[in-house]
Amino acid sequence: MATSVFPRLAGGQRSDWLAVADTMLAGAQRHATEGRGRIVIPGPAGGYGTDVDGLEGFARVFLLAAFRIAGARGQGVDDLIAFFAQGVRTGVDPDATDRWVRMDEHAQAKVEAASIALALDLTREWIWDRFDERTRARVIAYLAPAVGDETYPPTNWVWFRIVVQTFLRSVGGPWSASDIAADLARHDSFVRADGWLSDGDERAFDHYVGWALHVYPVLWPRMTGAGELAGDRAAYDVARLDRFLLDAVHLVGGDGSPLLQGRSLIYRFAAAAPFWAGIIAGVPSTGTGRLRRTAGAIVDHFLTHGALDDDDLLTLGWHHEWPALAQSYSGPGSPYWAVKGLMGIMLPADHDAWAAPDEPLAVTEADDLRAVRAAGWIVSATCSDGIVRVVNHGTDKALPGARTADSPLYARVGYSTATAPLLDDLAWSDALEQSVALVDVAGRATHRTALEPLGATVHDGVGVAASASDVHLVDPAPTTHRHGAGLAGTVHPLGRMTVRSLVRGAWEVRIAEIDHVAAGVDLDAVRVRMGGWALASDEPTHATSTGAAEARADGRVSGIRALTPDATSRVTIRRGASPLGERAAVPVLTWDAAVGTPFAALIALSGDPVADRAEPRLEIEGAGLDAVAAITWPDGRRTRTPLTDSGAPRGAHRHSRARSGARHAIPKEQHA
């Protein structure tokens, strides 16, 4: 826990936000190099080396300083202005020992250049306008390689080129109208339903939707001269953000925790950024008081759980240092992308954002059940315990047809604000928690990437989602680069499965069916395995009974109960696999495999004891396209839900099925 004691930002004043920003700035500035061109946060070198680490540290902290300077209108922040102005002078000095890594030396410089350009634009009056001509020329020369560079990945990186070239244009540097037009068009290709965007062509729905793909379209039009480039598109971008925020406010837990899903989770309270973007853009559908409180609750969550260490530095981790959460590209300065979550301080003291009446977090007002169609998610939030759960049938960070191992960050069936996916080495090759898999005699489990989304919707108070997968074993190929996606390797097809989820409150009824097995697969040699939520703490407790298992920790319960016969139960304990606790407990069920037979379980994550509820029941009435799931839920309510009613075209769940009962040896491998 950091030595600094912070006021609560949720419901706090602007001065409270400034106190957090000033503490973070002071902590980071203590680790600047002599010329201030780099900020080298202590810790092992990142995957790209110490030179990149130093640039990353400076650029991201400079962005926070720019928010602070801009919000103060340059008043009372002379030391900040002088510090970062000197850092820029040194960074672009080709003879300085602590100069910045150039774009032609390492691609990561393209990312950091955007933060530098945005910061220089925000502080133009107090830093750029006071530079001598030589420094200005050097800054332009440093940024100019972005023009015409076609190597930017077709993801949220398109905004790094847009921002840099917009700044270059504003200071008389080189720029390309066709580059900007192409990048804006590429961004528009990411647009999906209901204000959601995918981070590239893959089914990549994660925090980048908010802290990048919705934030830059709000900040960019406010850059000098950008209005001439944006035209009328800003209205469309704001409309998409407005719709996205209607879902996003329901993805934050009652304790302020964002969803633990997707890559770059070490950026922590960057997850607050889209809520500030909504305030800055003036979105009409969600109140400023709710957006501000949601942003504050997220930052509070991390500050009260030790995200800043004793030296007031962000570490690689979630609540505290936990390096396994980082991707291979992350270094000690990487977590400072979190500063985006503080960007509200760029708004001056007299801005309406600070005067709006406070509003509560969405989850503290009422239960919520919704479908996020683009991501294939059912979101279920419960007011009583403040937990937000996502049941996932549309996100795997993969292109259709890909055959890789499942990424624990993307391809699990469930994510929540109270649990984390397992992230030890085994988690990347063996999907256990929140999974449905076939397991062979050697204990190897299948993967579902790339899954085939079959829709997500809400039907009569029940969330319904489904997906199908050509399930396969993967022998991962050696790699040193892990950017969040599932690992590639040698693939062994085992067959095809369809999985359906029916969600209500803390519960999910999960129904899995083997549609067919691959030629040569012996059904006697495989079992069906379902894993529940991974509950982590220093000492979780657990228990099993016939066809049921549960884990308990910190007042929460993760349970799984078979709704179809002949299941065996256990709880698997994994050490050092979760950022939320030393020991993670996963309730698990297994059945003997059979084609065309439904395997079903009630899976629960709750702040209330699950075992004390009434006995749940499932009856599947009818067959094929007319099948209906009649469920008696643990609270006694009975619902009847068509199994085809997942938002997909009627009969889509039968796509490319060819039932087979063949029983042979595991087939020879295929290469992905």
# chains A, B, ... in the order shown; residues from 1 in each chain; ligands from 1
>>> residues_around(residues="Glu582 in chain A", least_positions_apart="2", cutoff="6 Å", atoms="only C-alpha atoms", output="PyMOL selection string")
chain A and resi 537-538+575-576
>>> write_last_selection(atoms="C-alpha atoms", output="compact mmCIF listing (two decimals), in the first residue's frame")
# COMPACT_ATOMS: atom_id res chain seq x y z
CA SER A 537 -7.95 -15.47 -1.87
CA ASP A 538 -5.17 -16.44 0.48
CA ARG A 575 -1.44 -21.51 -6.61
CA GLY A 576 0.00 -18.31 -8.02
>>> residues_around(residues="Pro476 in chain A", least_positions_apart="4", cutoff="9 Å", atoms="only C-alpha atoms", output="PyMOL selection string")
chain A and resi 404-405+428-429+487-491
>>> residues_around(residues="range 409-416 of chain A", least_positions_apart="5", cutoff="7 Å", atoms="only C-alpha atoms", output="list in words")
Leu259, Leu260, Gln261, Gly262, Arg263, Val388, Arg389, Val390, Val391, Asn392, His393, Thr395, Asp396, Lys397, Pro421, Gln434, Ser435 and Gly484 of chain A
>>> residues_around(residues="range 90-101 of chain A", least_positions_apart="6", cutoff="6 Å", atoms="only C-alpha atoms", output="JSON list (two decimals) with C-alpha atoms, in the first residue's frame")
[["chain", "number", "residue", "atom", "x", "y", "z"],
["A", 35, "GLY", "CA", 18.20, 15.56, -18.80],
["A", 37, "GLY", "CA", 14.20, 13.00, -21.43],
["A", 55, "LEU", "CA", 10.47, 6.72, -23.41],
["A", 138, "ARG", "CA", 13.68, 18.63, -33.82],
["A", 139, "VAL", "CA", 10.22, 17.76, -32.51]]
>>> atom_distance(atom1="CA of His472 in chain A", atom2="CA of Ile560 in chain A")
24.4 Å
>>> residues_around(residues="Gly401 in chain A", least_positions_apart="4", cutoff="9 Å", atoms="only C-alpha atoms", output="list in words")
Thr449, Ala450, Leu451 and Glu452 of chain A
>>> atom_distance(atom1="CA of Pro145 in chain A", atom2="CA of Phe160 in chain A")
12.2 Å
>>> atom_distance(atom1="CA of Trp128 in chain A", atom2="CA of Gly173 in chain A")
13.6 Å
>>> closest_residue(among="A:Leu229, A:Leu502, A:Val571, A:Ala66", to="Gly559 in chain A", atoms="only C-alpha atoms")
A:Val571
>>> residues_around(residues="range 77-84 of chain A", least_positions_apart="4", cutoff="7 Å", atoms="only C-alpha atoms", output="VMD selection string")
chain A and resid 62 65 69 88 126 to 127
>>> write_last_selection(atoms="N, CA and C atoms", output="PDB file, in the first residue's frame")
ATOM      1  N   PHE A  62       3.983  12.437 -19.087  1.00  0.00           N
ATOM      2  CA  PHE A  62       3.800  13.759 -19.705  1.00  0.00           C
ATOM      3  C   PHE A  62       2.331  13.995 -20.036  1.00  0.00           C
ATOM      4  N   ALA A  65       0.735  15.110 -16.932  1.00  0.00           N
ATOM      5  CA  ALA A  65       1.142  16.494 -16.673  1.00  0.00           C
ATOM      6  C   ALA A  65       0.385  17.457 -17.587  1.00  0.00           C
ATOM      7  N   ILE A  69      -1.730  20.623 -16.473  1.00  0.00           N
ATOM      8  CA  ILE A  69      -1.386  21.982 -16.919  1.00  0.00           C
ATOM      9  C   ILE A  69      -2.572  22.622 -17.641  1.00  0.00           C
ATOM     10  N   VAL A  88      11.241  17.368 -23.139  1.00  0.00           N
ATOM     11  CA  VAL A  88      11.036  17.349 -24.589  1.00  0.00           C
ATOM     12  C   VAL A  88      12.313  17.805 -25.302  1.00  0.00           C
ATOM     13  N   TRP A 126       1.883  26.943 -23.244  1.00  0.00           N
ATOM     14  CA  TRP A 126       2.857  27.054 -22.156  1.00  0.00           C
ATOM     15  C   TRP A 126       4.159  26.300 -22.434  1.00  0.00           C
ATOM     16  N   ILE A 127       4.144  25.407 -23.411  1.00  0.00           N
ATOM     17  CA  ILE A 127       5.373  24.665 -23.727  1.00  0.00           C
ATOM     18  C   ILE A 127       5.775  24.885 -25.180  1.00  0.00           C
TER      19      ILE A 127
END
